[in-house]
file run-v9.csv (CSV, C-alpha atoms and all ligand atoms)
chain,number,residue,atom,x,y,z
A,24,MET,CA,0.0,0.0,0.0
A,25,THR,CA,1.5,3.3,-1.0
A,26,LYS,CA,1.4,6.0,1.6
A,27,GLN,CA,-1.2,8.8,1.4
A,28,MET,CA,0.1,11.6,-0.7
A,29,ASN,CA,-0.5,15.2,0.3
A,30,VAL,CA,0.2,18.4,-1.7
A,31,LYS,CA,1.5,20.0,1.4
A,32,GLU,CA,4.5,17.8,1.6
A,33,PHE,CA,6.2,19.3,-1.4
A,34,ARG,CA,8.8,22.0,-1.6
A,35,ARG,CA,8.4,23.6,-5.0
A,36,VAL,CA,5.0,23.3,-6.6
A,37,VAL,CA,3.9,24.2,-10.1
A,38,ILE,CA,0.1,24.9,-10.3
A,39,LYS,CA,-1.5,24.8,-13.8
A,40,VAL,CA,-4.8,26.7,-14.0
A,41,GLY,CA,-6.9,26.2,-17.1
A,42,SER,CA,-8.9,28.8,-19.1
A,43,SER,CA,-12.3,27.3,-18.2
A,44,LEU,CA,-11.6,27.8,-14.5
A,45,LEU,CA,-10.5,31.3,-14.9
A,46,ALA,CA,-12.7,32.8,-17.6
A,47,ASP,CA,-16.5,32.9,-17.6
A,48,GLY,CA,-18.2,31.7,-20.8
A,49,SER,CA,-18.2,33.8,-24.0
A,50,LYS,CA,-17.8,37.1,-22.2
A,51,GLY,CA,-14.4,36.0,-21.0
A,52,GLU,CA,-14.7,37.8,-17.7
A,53,ILE,CA,-12.2,36.7,-15.1
A,54,ARG,CA,-13.9,34.7,-12.3
A,55,ARG,CA,-12.5,36.8,-9.5
A,56,GLU,CA,-14.2,35.1,-6.7
A,57,TRP,CA,-12.7,31.8,-7.6
A,58,LEU,CA,-9.4,33.3,-8.3
A,59,SER,CA,-9.3,35.0,-5.0
A,60,SER,CA,-10.0,31.7,-3.3
A,61,LEU,CA,-7.0,30.3,-5.2
A,62,ALA,CA,-4.9,33.3,-4.1
A,63,LYS,CA,-5.7,32.5,-0.5
A,64,ASP,CA,-4.6,28.9,-1.1
A,65,ILE,CA,-1.4,30.0,-2.7
A,66,ALA,CA,-0.7,32.4,0.3
A,67,ASP,CA,-1.3,29.5,2.7
A,68,PHE,CA,1.1,27.3,0.7
A,69,ARG,CA,3.7,30.1,0.8
A,70,ALA,CA,3.2,30.7,4.5
A,71,GLY,CA,3.9,26.9,5.0
A,72,GLY,CA,7.4,27.4,3.4
A,73,ARG,CA,6.6,26.1,-0.1
A,74,GLU,CA,7.5,27.8,-3.3
A,75,VAL,CA,4.8,28.3,-5.9
A,76,ILE,CA,5.0,28.7,-9.7
A,77,LEU,CA,1.8,29.4,-11.5
A,78,VAL,CA,1.2,28.4,-15.1
A,79,SER,CA,-2.0,30.1,-16.1
A,80,SER,CA,-4.1,29.9,-19.3
A,81,GLY,CA,-6.9,32.3,-20.0
A,82,ALA,CA,-5.2,35.1,-22.0
A,83,ILE,CA,-7.0,34.2,-25.2
A,84,ALA,CA,-10.3,33.5,-23.5
A,85,VAL,CA,-10.2,36.8,-21.6
A,86,GLY,CA,-8.9,38.9,-24.5
A,87,ARG,CA,-11.4,37.6,-27.1
A,88,GLY,CA,-14.3,38.4,-24.8
A,89,HIS,CA,-12.9,41.9,-24.2
A,90,LEU,CA,-12.4,42.6,-27.8
A,91,GLY,CA,-15.8,41.2,-28.8
A,92,MET,CA,-14.4,38.5,-31.1
A,93,ARG,CA,-17.4,36.4,-31.8
A,94,ARG,CA,-16.1,33.8,-34.3
A,95,ARG,CA,-16.1,30.4,-32.6
A,96,ILE,CA,-12.7,29.3,-34.0
A,97,LEU,CA,-10.3,32.2,-34.1
A,98,LYS,CA,-7.6,32.7,-36.8
A,99,LEU,CA,-4.1,32.6,-35.5
A,100,GLU,CA,-3.6,36.3,-35.7
A,101,GLU,CA,-6.9,36.8,-33.8
A,102,LYS,CA,-5.7,34.5,-31.1
A,103,GLN,CA,-2.4,36.4,-30.9
A,104,ALA,CA,-4.3,39.7,-30.6
A,105,ALA,CA,-6.7,38.3,-28.0
A,106,ALA,CA,-3.8,37.1,-26.0
A,107,ALA,CA,-2.1,40.5,-26.0
A,108,VAL,CA,-5.2,42.0,-24.5
A,109,GLY,CA,-6.1,39.1,-22.2
A,110,GLN,CA,-2.6,38.5,-20.8
A,111,ILE,CA,-2.3,41.9,-19.3
A,112,ARG,CA,-5.7,41.7,-17.7
A,113,LEU,CA,-4.9,38.2,-16.4
A,114,ALA,CA,-1.6,39.2,-14.8
A,115,TYR,CA,-3.2,42.3,-13.3
A,116,ALA,CA,-5.9,40.1,-11.7
A,117,TYR,CA,-3.3,37.8,-10.2
A,118,GLN,CA,-1.3,40.7,-8.9
A,119,GLU,CA,-4.3,42.4,-7.4
A,120,LEU,CA,-5.6,39.2,-5.7
A,121,LEU,CA,-2.2,38.2,-4.3
A,122,ARG,CA,-1.2,41.6,-3.1
A,123,PRO,CA,-3.2,41.4,0.2
A,124,TYR,CA,-0.9,38.6,1.1
A,125,GLN,CA,2.2,40.6,0.3
A,126,LEU,CA,3.0,38.3,-2.6
A,127,THR,CA,4.7,39.8,-5.7
A,128,VAL,CA,3.8,38.3,-9.1
A,129,ALA,CA,6.4,38.0,-11.8
A,130,GLN,CA,5.3,37.5,-15.4
A,131,LEU,CA,7.2,35.0,-17.7
A,132,LEU,CA,6.0,34.5,-21.2
A,133,LEU,CA,7.7,31.5,-22.8
A,134,THR,CA,7.8,29.9,-26.2
A,135,ILE,CA,8.7,26.2,-26.8
A,136,GLY,CA,12.3,27.3,-27.8
A,137,ASP,CA,12.8,28.7,-24.3
A,138,THR,CA,12.3,25.3,-22.8
A,139,GLU,CA,14.0,23.2,-25.5
A,140,GLN,CA,17.1,25.1,-26.7
A,141,ARG,CA,19.7,24.8,-24.1
A,142,ARG,CA,21.0,28.4,-24.0
A,143,ARG,CA,17.5,29.9,-23.7
A,144,TYR,CA,16.5,27.1,-21.3
A,145,LEU,CA,19.4,28.0,-19.0
A,146,ASN,CA,18.4,31.7,-19.1
A,147,ALA,CA,14.8,31.0,-18.3
A,148,ARG,CA,15.9,28.5,-15.5
A,149,ASN,CA,18.2,31.1,-13.9
A,150,THR,CA,15.6,33.8,-14.0
A,151,MET,CA,13.0,31.5,-12.4
A,152,GLU,CA,15.5,30.5,-9.7
A,153,THR,CA,16.3,34.1,-9.0
A,154,LEU,CA,12.6,35.1,-8.8
A,155,LEU,CA,11.9,32.3,-6.3
A,156,ARG,CA,14.9,33.3,-4.3
A,157,PHE,CA,13.5,36.8,-3.9
A,158,GLY,CA,10.2,35.4,-2.9
A,159,ALA,CA,8.2,36.3,-6.0
A,160,VAL,CA,5.5,34.1,-7.5
A,161,PRO,CA,6.3,33.4,-11.2
A,162,LEU,CA,3.2,33.5,-13.4
A,163,VAL,CA,3.9,31.7,-16.6
A,164,ASN,CA,2.0,31.5,-19.9
A,165,GLU,CA,2.9,30.8,-23.4
A,166,ASN,CA,4.0,33.9,-25.3
A,167,ASP,CA,0.9,33.6,-27.5
A,168,THR,CA,1.4,36.9,-29.3
A,169,VAL,CA,4.6,35.9,-30.9
A,170,ALA,CA,4.4,32.1,-31.0
A,171,THR,CA,3.2,31.0,-34.5
A,172,GLU,CA,1.8,27.5,-35.1
A,173,GLU,CA,5.1,25.8,-35.5
A,174,ILE,CA,6.7,27.2,-32.4
A,175,ARG,CA,3.6,26.9,-30.2
A,176,PHE,CA,3.2,24.6,-27.3
A,177,GLY,CA,-0.5,24.9,-28.0
A,178,ASP,CA,-1.6,23.6,-24.6
A,179,ASN,CA,-0.5,24.8,-21.3
A,180,ASP,CA,-0.5,21.3,-19.8
A,181,ARG,CA,2.7,20.6,-21.7
A,182,LEU,CA,4.1,24.1,-20.9
A,183,ALA,CA,3.4,23.4,-17.2
A,184,ALA,CA,5.3,20.1,-17.4
A,185,ARG,CA,8.3,21.8,-19.1
A,186,VAL,CA,8.2,24.6,-16.5
A,187,ALA,CA,8.2,21.9,-13.7
A,188,GLU,CA,11.2,20.2,-15.4
A,189,MET,CA,13.0,23.5,-15.8
A,190,ALA,CA,12.5,24.6,-12.2
A,191,SER,CA,13.3,21.1,-10.8
A,192,ALA,CA,9.9,21.3,-9.1
A,193,ASP,CA,8.8,18.3,-7.1
A,194,LEU,CA,5.1,18.6,-7.7
A,195,LEU,CA,2.9,19.6,-10.6
A,196,VAL,CA,-0.8,20.2,-9.9
A,197,LEU,CA,-3.0,20.1,-13.0
A,198,LEU,CA,-6.3,21.7,-12.0
A,199,SER,CA,-8.9,20.4,-14.3
A,200,ASP,CA,-12.6,20.2,-14.8
A,201,ILE,CA,-12.6,16.6,-13.7
A,202,ASP,CA,-11.1,15.0,-10.6
A,203,GLY,CA,-8.6,12.8,-12.2
A,204,LEU,CA,-8.0,10.1,-14.8
A,205,TYR,CA,-10.8,7.5,-15.3
A,206,THR,CA,-10.6,4.0,-16.8
A,207,ALA,CA,-12.8,5.4,-19.6
A,208,ASP,CA,-14.5,8.7,-20.4
A,209,PRO,CA,-17.0,9.0,-17.4
A,210,HIS,CA,-19.3,11.2,-19.5
A,211,LEU,CA,-19.7,8.3,-22.0
A,212,ASN,CA,-19.3,5.3,-19.7
A,213,PRO,CA,-21.0,5.4,-16.3
A,214,SER,CA,-19.0,2.4,-15.1
A,215,ALA,CA,-15.7,4.2,-15.6
A,216,GLU,CA,-13.6,4.3,-12.4
A,217,ARG,CA,-11.1,6.9,-11.2
A,218,ILE,CA,-7.5,5.7,-10.9
A,219,GLU,CA,-6.1,6.7,-7.5
A,220,MET,CA,-2.4,6.3,-8.2
A,221,VAL,CA,-0.3,5.7,-11.4
A,222,HIS,CA,3.1,4.2,-10.8
A,223,GLU,CA,4.0,4.0,-14.4
A,224,ILE,CA,2.5,5.6,-17.5
A,225,THR,CA,1.9,2.6,-19.6
A,226,ARG,CA,0.2,2.3,-23.0
A,227,GLU,CA,-2.9,1.2,-21.1
A,228,ILE,CA,-2.9,4.4,-19.0
A,229,GLU,CA,-2.4,6.5,-22.1
A,230,GLY,CA,-5.3,4.6,-23.8
A,231,MET,CA,-7.6,5.5,-20.9
A,232,ALA,CA,-7.0,9.2,-21.6
A,233,GLY,CA,-8.4,8.9,-25.1
A,234,ALA,CA,-7.0,10.2,-28.3
A,235,SER,CA,-4.9,13.3,-28.4
A,236,LYS,CA,-6.9,16.4,-29.4
A,237,SER,CA,-3.9,18.5,-30.3
A,238,ASP,CA,-5.8,20.6,-32.8
A,239,VAL,CA,-8.2,21.7,-30.2
A,240,GLY,CA,-5.2,23.3,-28.4
A,241,SER,CA,-6.0,23.0,-24.8
A,242,GLY,CA,-7.5,20.7,-22.3
A,243,GLY,CA,-8.3,17.0,-22.7
A,244,MET,CA,-7.1,14.2,-20.5
A,245,ALA,CA,-4.7,13.0,-23.3
A,246,THR,CA,-2.6,16.2,-23.0
A,247,LYS,CA,-2.6,15.9,-19.2
A,248,VAL,CA,-1.3,12.4,-19.3
A,249,GLN,CA,1.4,13.5,-21.8
A,250,ALA,CA,2.3,16.4,-19.5
A,251,ALA,CA,2.4,14.0,-16.6
A,252,LYS,CA,4.8,11.8,-18.5
A,253,ILE,CA,7.2,14.7,-19.1
A,254,ALA,CA,7.1,15.8,-15.5
A,255,VAL,CA,7.4,12.3,-14.0
A,256,ASN,CA,10.5,11.7,-16.2
A,257,ALA,CA,11.9,14.8,-14.7
A,258,GLY,CA,11.4,13.6,-11.2
A,259,CYS,CA,8.3,15.6,-10.5
A,260,HIS,CA,5.2,14.0,-9.0
A,261,VAL,CA,1.9,15.0,-10.7
A,262,VAL,CA,-1.6,15.3,-9.4
A,263,ILE,CA,-4.7,15.9,-11.6
A,264,ALA,CA,-7.6,17.3,-9.5
A,265,ALA,CA,-10.8,19.2,-10.0
A,266,GLY,CA,-10.2,22.9,-9.9
A,267,ASN,CA,-13.8,24.1,-10.2
A,268,THR,CA,-14.5,24.4,-6.5
A,269,GLN,CA,-13.6,27.3,-4.3
A,270,HIS,CA,-10.2,26.9,-2.6
A,271,PRO,CA,-9.1,24.0,-4.9
A,272,LEU,CA,-5.7,23.5,-3.3
A,273,SER,CA,-6.9,23.3,0.3
A,274,THR,CA,-9.8,21.1,-0.9
A,275,LEU,CA,-7.2,18.8,-2.4
A,276,SER,CA,-5.0,18.7,0.6
A,277,ASP,CA,-8.1,18.0,2.8
A,278,GLY,CA,-8.4,14.8,0.8
A,279,ALA,CA,-10.5,15.6,-2.3
A,280,SER,CA,-10.5,12.8,-4.9
A,281,CYS,CA,-7.7,13.1,-7.6
A,282,THR,CA,-5.2,11.0,-9.5
A,283,TRP,CA,-1.5,10.9,-8.5
A,284,PHE,CA,1.3,10.1,-11.0
A,285,LEU,CA,4.4,9.1,-9.0
A,286,ALA,CA,7.9,10.0,-10.1
A,287,PRO,CA,10.4,7.2,-9.5
A,288,GLN,CA,13.3,9.6,-8.6
A,289,SER,CA,14.0,13.1,-7.3
A,290,PRO,CA,14.2,16.0,-9.7
A,291,MET,CA,17.9,16.4,-9.1
A,292,THR,CA,18.7,12.7,-9.7
A,293,ALA,CA,16.5,12.8,-12.9
A,294,ARG,CA,18.3,15.9,-14.1
A,295,LYS,CA,21.7,14.4,-13.6
A,296,SER,CA,20.8,11.2,-15.3
A,297,TRP,CA,19.4,13.2,-18.2
A,298,ILE,CA,22.7,15.1,-18.5
A,299,ALA,CA,24.7,11.9,-18.2
A,300,ASN,CA,22.6,9.8,-20.6
A,301,ASN,CA,21.3,12.2,-23.2
A,302,LEU,CA,23.8,14.9,-23.9
A,303,LYS,CA,26.6,14.6,-26.3
A,304,PRO,CA,29.7,16.6,-25.1
A,305,SER,CA,31.0,19.3,-27.4
A,306,GLY,CA,34.2,20.0,-25.6
A,307,ARG,CA,36.3,19.4,-22.5
A,308,LEU,CA,37.5,21.2,-19.4
A,309,ALA,CA,40.7,20.0,-17.7
A,310,VAL,CA,40.7,20.9,-14.0
A,311,ASP,CA,43.3,20.9,-11.2
A,312,GLU,CA,43.4,18.6,-8.2
A,313,GLY,CA,41.6,21.1,-5.9
A,314,ALA,CA,38.7,21.5,-8.3
A,315,ARG,CA,38.5,17.7,-8.9
A,316,ASP,CA,38.2,17.1,-5.1
A,317,ALA,CA,35.6,19.8,-4.8
A,318,ILE,CA,33.6,18.4,-7.7
A,319,LEU,CA,33.8,14.9,-6.2
A,320,ALA,CA,32.5,16.4,-2.9
A,321,GLY,CA,29.5,17.7,-4.8
A,322,LYS,CA,30.6,21.3,-5.3
A,323,SER,CA,30.4,23.5,-8.4
A,324,LEU,CA,33.4,24.0,-10.8
A,325,LEU,CA,34.7,27.5,-10.5
A,326,PRO,CA,37.0,29.3,-13.1
A,327,PRO,CA,40.1,29.3,-10.9
A,328,GLY,CA,40.2,25.4,-10.9
A,329,VAL,CA,40.2,25.2,-14.7
A,330,LEU,CA,43.6,24.4,-16.4
A,331,ALA,CA,42.6,24.1,-20.0
A,332,VAL,CA,39.7,24.3,-22.5
A,333,TYR,CA,39.3,22.0,-25.5
A,334,GLY,CA,36.8,22.1,-28.3
A,335,ASN,CA,34.4,24.6,-29.6
A,336,PHE,CA,31.3,25.0,-27.5
A,337,GLU,CA,28.7,27.6,-26.6
A,338,ARG,CA,27.2,28.6,-23.3
A,339,GLY,CA,24.7,25.9,-22.4
A,340,ASP,CA,26.6,23.1,-24.2
A,341,PRO,CA,27.6,19.9,-22.5
A,342,VAL,CA,31.3,19.4,-21.8
A,343,ILE,CA,33.4,16.7,-20.2
A,344,VAL,CA,35.2,17.6,-17.1
A,345,GLU,CA,38.6,15.8,-16.7
A,346,ASP,CA,41.5,15.9,-14.4
A,347,GLY,CA,45.0,17.0,-15.5
A,348,ASP,CA,45.8,13.4,-16.7
A,349,GLY,CA,42.8,13.3,-19.0
A,350,CYS,CA,40.7,11.0,-16.7
A,351,GLU,CA,37.0,11.8,-17.0
A,352,ILE,CA,35.3,13.1,-13.8
A,353,GLY,CA,31.9,14.0,-15.1
A,354,LEU,CA,29.8,15.7,-17.7
A,355,GLY,CA,28.3,19.1,-17.2
A,356,ILE,CA,26.6,22.1,-18.8
A,357,SER,CA,29.0,24.9,-19.3
A,358,ALA,CA,27.8,28.4,-18.2
A,359,TYR,CA,30.4,29.9,-20.6
A,360,SER,CA,31.4,29.5,-24.3
A,361,ALA,CA,34.8,27.9,-25.0
A,362,ALA,CA,36.2,31.3,-26.0
A,363,ASP,CA,35.0,33.0,-22.8
A,364,ALA,CA,36.0,30.0,-20.6
A,365,GLN,CA,39.5,30.2,-22.2
A,366,ARG,CA,39.7,33.9,-21.1
A,367,ILE,CA,38.6,33.5,-17.5
A,368,LEU,CA,40.2,30.2,-16.6
A,369,GLY,CA,42.5,30.5,-13.6
A,370,HIS,CA,40.8,33.8,-12.6
A,371,LYS,CA,38.8,34.5,-9.5
A,372,SER,CA,35.0,35.1,-10.0
A,373,GLY,CA,35.5,38.8,-9.0
A,374,GLU,CA,37.6,39.3,-12.1
A,375,ILE,CA,35.2,37.8,-14.6
A,376,ALA,CA,33.3,41.0,-15.3
A,377,LYS,CA,36.5,43.0,-16.0
A,378,ILE,CA,37.9,40.3,-18.4
A,379,LEU,CA,34.7,39.6,-20.3
A,380,GLY,CA,32.9,43.0,-20.1
A,381,TYR,CA,29.8,41.3,-18.6
A,382,ARG,CA,29.0,39.7,-15.3
A,383,GLY,CA,28.4,36.0,-16.0
A,384,ARG,CA,27.8,33.3,-13.5
A,385,GLU,CA,30.2,32.7,-10.7
A,386,GLU,CA,30.5,29.0,-11.6
A,387,MET,CA,31.9,27.6,-14.8
A,388,ILE,CA,29.6,24.6,-14.2
A,389,HIS,CA,27.0,24.7,-11.5
A,390,ARG,CA,26.8,21.6,-9.3
A,391,ASP,CA,23.2,21.0,-10.3
A,392,ASP,CA,24.3,20.9,-14.0
A,393,LEU,CA,27.1,18.4,-13.3
A,394,ALA,CA,26.8,14.6,-13.4
A,395,LEU,CA,29.7,12.6,-12.0
A,396,SER,CA,31.0,9.8,-14.1
A,401,LIG,N1,-1.9,30.0,-23.7
A,401,LIG,C1,-3.3,30.0,-23.9
A,401,LIG,C2,-3.9,31.2,-23.2
A,401,LIG,O1,-3.5,31.7,-22.2
A,401,LIG,C3,-4.0,28.8,-23.4
A,401,LIG,C4,-3.5,27.4,-23.8
A,401,LIG,C5,-4.2,26.4,-23.0
A,401,LIG,O2,-5.4,26.6,-22.6
A,401,LIG,O3,-3.7,25.3,-22.8
A,401,LIG,O4,-5.0,31.6,-23.5

call {"tool": "encode", "arguments": {"input": "run-v9.csv", "output": "structure tokens"}}
result
Amino acid sequence: MTKQMNVKEFRRVVIKVGSSLLADGSKGEIRREWLSSLAKDIADFRAGGREVILVSSGAIAVGRGHLGMRRRILKLEEKQAAAAVGQIRLAYAYQELLRPYQLTVAQLLLTIGDTEQRRRYLNARNTMETLLRFGAVPLVNENDTVATEEIRFGDNDRLAARVAEMASADLLVLLSDIDGLYTADPHLNPSAERIEMVHEITREIEGMAGASKSDVGSGGMATKVQAAKIAVNAGCHVVIAAGNTQHPLSTLSDGASCTWFLAPQSPMTARKSWIANNLKPSGRLAVDEGARDAILAGKSLLPPGVLAVYGNFERGDPVIVEDGDGCEIGLGISAYSAADAQRILGHKSGEIAKILGYRGREEMIHRDDLALS
């Protein structure tokens, strides 16, 4: 018997809020009462020492209502225009409703490239980390006004999973219009049963979620299960729960029905095995004995410990770390290009800005980005 899971046990939580929860019907008005109950839940989470990242849809739904766009299916440019109007209203509503709890909202608009191209991924990850360190609540949405079809996530379930992966979150909450995954579509099949806990996302589980409705864009159980797959692989547990009640998070932690997807390993272990198993090195950094010992003790690699730079790599590329005799120590993601690494090797971090003309990271490779061999 698996122990009872509770959303309150997690450290860094991504909460995905869907359009239908936030925006009312065709007018697209923001459901403020509901949102303020969510704000209270978020404040409680934060007061309990947890970090919260919001991934919120609703920009298009709110914007189209405000602009009076009546067509049922909008053209891409209409969606983009609607998002431009809706996003600002949405962000304002979150800011206003979180303000009474002294919580600052920080808006991040991402495209698929920001989560898939390593350099941009690294930038977005660092910004997210900094915002959390300063106590802000990141509010993420897809950058719908610039994302064209081929560079769109399309649905915020997948975006939320990528954000969870990027932030090394340990829990992703997908607030939905249904309280979890059922063995069949419960609207069509009254004998369908809710699954309590998923230990592995098998074909059978994917089958229960039905066919993928990617052209519809958002929603659907299939996109949620696909999102769960991404998050679980990144070491992040996932819970799908009904969001359409007031105070959806406290309702959930009080034991409301839901479906859990369990991650087999922690976000950090998952990240390190992803680095070790999936990245092809594009260069090498030779380090001195002191740096080698520090790395083996779980520390970051700093510029003073680097003896030589080999290969041609960019910031964000994977590089092998080896000792002075060429023995491999690990594989990590370099925070500097080969050219810049060459210029700052052997120098203290305080000197980096003067040498390069910009203030980069203190570490050549951060310990979270370094997998030991
Ligand atoms: N990014 C879209 C919006 O904010 C929504 C995508 C989705 O609902 O999954 O309107």

call {"tool": "closest_atom_pairs", "arguments": {"input": "run-v9.csv", "of": "chain A", "to": "ligand LIG 401 (chain A)", "cutoff": "9 Å", "atoms": "only C-alpha atoms and all ligand atoms", "output": "CSV"}}
result
residue,atom,partner,partner_atom,distance
A:Val40,CA,A:LIG401,O2,8.6
A:Gly41,CA,A:LIG401,O2,5.7
A:Ser42,CA,A:LIG401,O2,5.4
A:Ser43,CA,A:LIG401,O2,8.2
A:Ser79,CA,A:LIG401,O1,6.5
A:Ser80,CA,A:LIG401,O1,3.5
A:Gly81,CA,A:LIG401,O4,4.0
A:Ala82,CA,A:LIG401,O1,3.8
A:Ile83,CA,A:LIG401,O4,3.7
A:Ala84,CA,A:LIG401,O4,5.6
A:Val85,CA,A:LIG401,O4,7.6
A:Gly86,CA,A:LIG401,O4,8.3
A:Lys102,CA,A:LIG401,O4,8.2
A:Ala105,CA,A:LIG401,O4,8.2
A:Ala106,CA,A:LIG401,O4,6.2
A:Gly109,CA,A:LIG401,O4,7.7
A:Gln110,CA,A:LIG401,O1,7.0
A:Leu113,CA,A:LIG401,O1,8.8
A:Asn164,CA,A:LIG401,N1,5.6
A:Glu165,CA,A:LIG401,N1,4.9
A:Asn166,CA,A:LIG401,N1,7.3
A:Asp167,CA,A:LIG401,N1,5.9
A:Phe176,CA,A:LIG401,C4,8.1
A:Gly177,CA,A:LIG401,C4,5.7
A:Asp178,CA,A:LIG401,O3,3.2
A:Asn179,CA,A:LIG401,O3,3.6
A:Asp180,CA,A:LIG401,O3,5.9
A:Arg181,CA,A:LIG401,O3,8.0
A:Leu182,CA,A:LIG401,O3,8.1
A:Gly240,CA,A:LIG401,O3,6.1
A:Ser241,CA,A:LIG401,O3,3.8
A:Gly242,CA,A:LIG401,O3,6.0

call {"tool": "closest_residue", "arguments": {"input": "run-v9.csv", "among": "A:Ile263, A:Ile53, A:Leu308, A:Leu145", "to": "A:Leu198", "atoms": "all atoms listed in the file"}}
result
A:Ile263

call {"tool": "closest_residue", "arguments": {"input": "run-v9.csv", "among": "A:Thr138, A:Ser280, A:Asn256, A:Gln365", "to": "A:Arg294", "atoms": "only C-alpha atoms"}}
result
A:Asn256

call {"tool": "closest_residue", "arguments": {"input": "run-v9.csv", "among": "A:Ile356, A:Ala265, A:Ile253, A:Leu120", "to": "A:Leu195", "atoms": "only C-alpha atoms"}}
result
A:Ile253

call {"tool": "closest_residue", "arguments": {"input": "run-v9.csv", "among": "A:Lys247, A:His260, A:Arg54, A:His370", "to": "A:Ala116", "atoms": "all atoms listed in the file"}}
result
A:Arg54
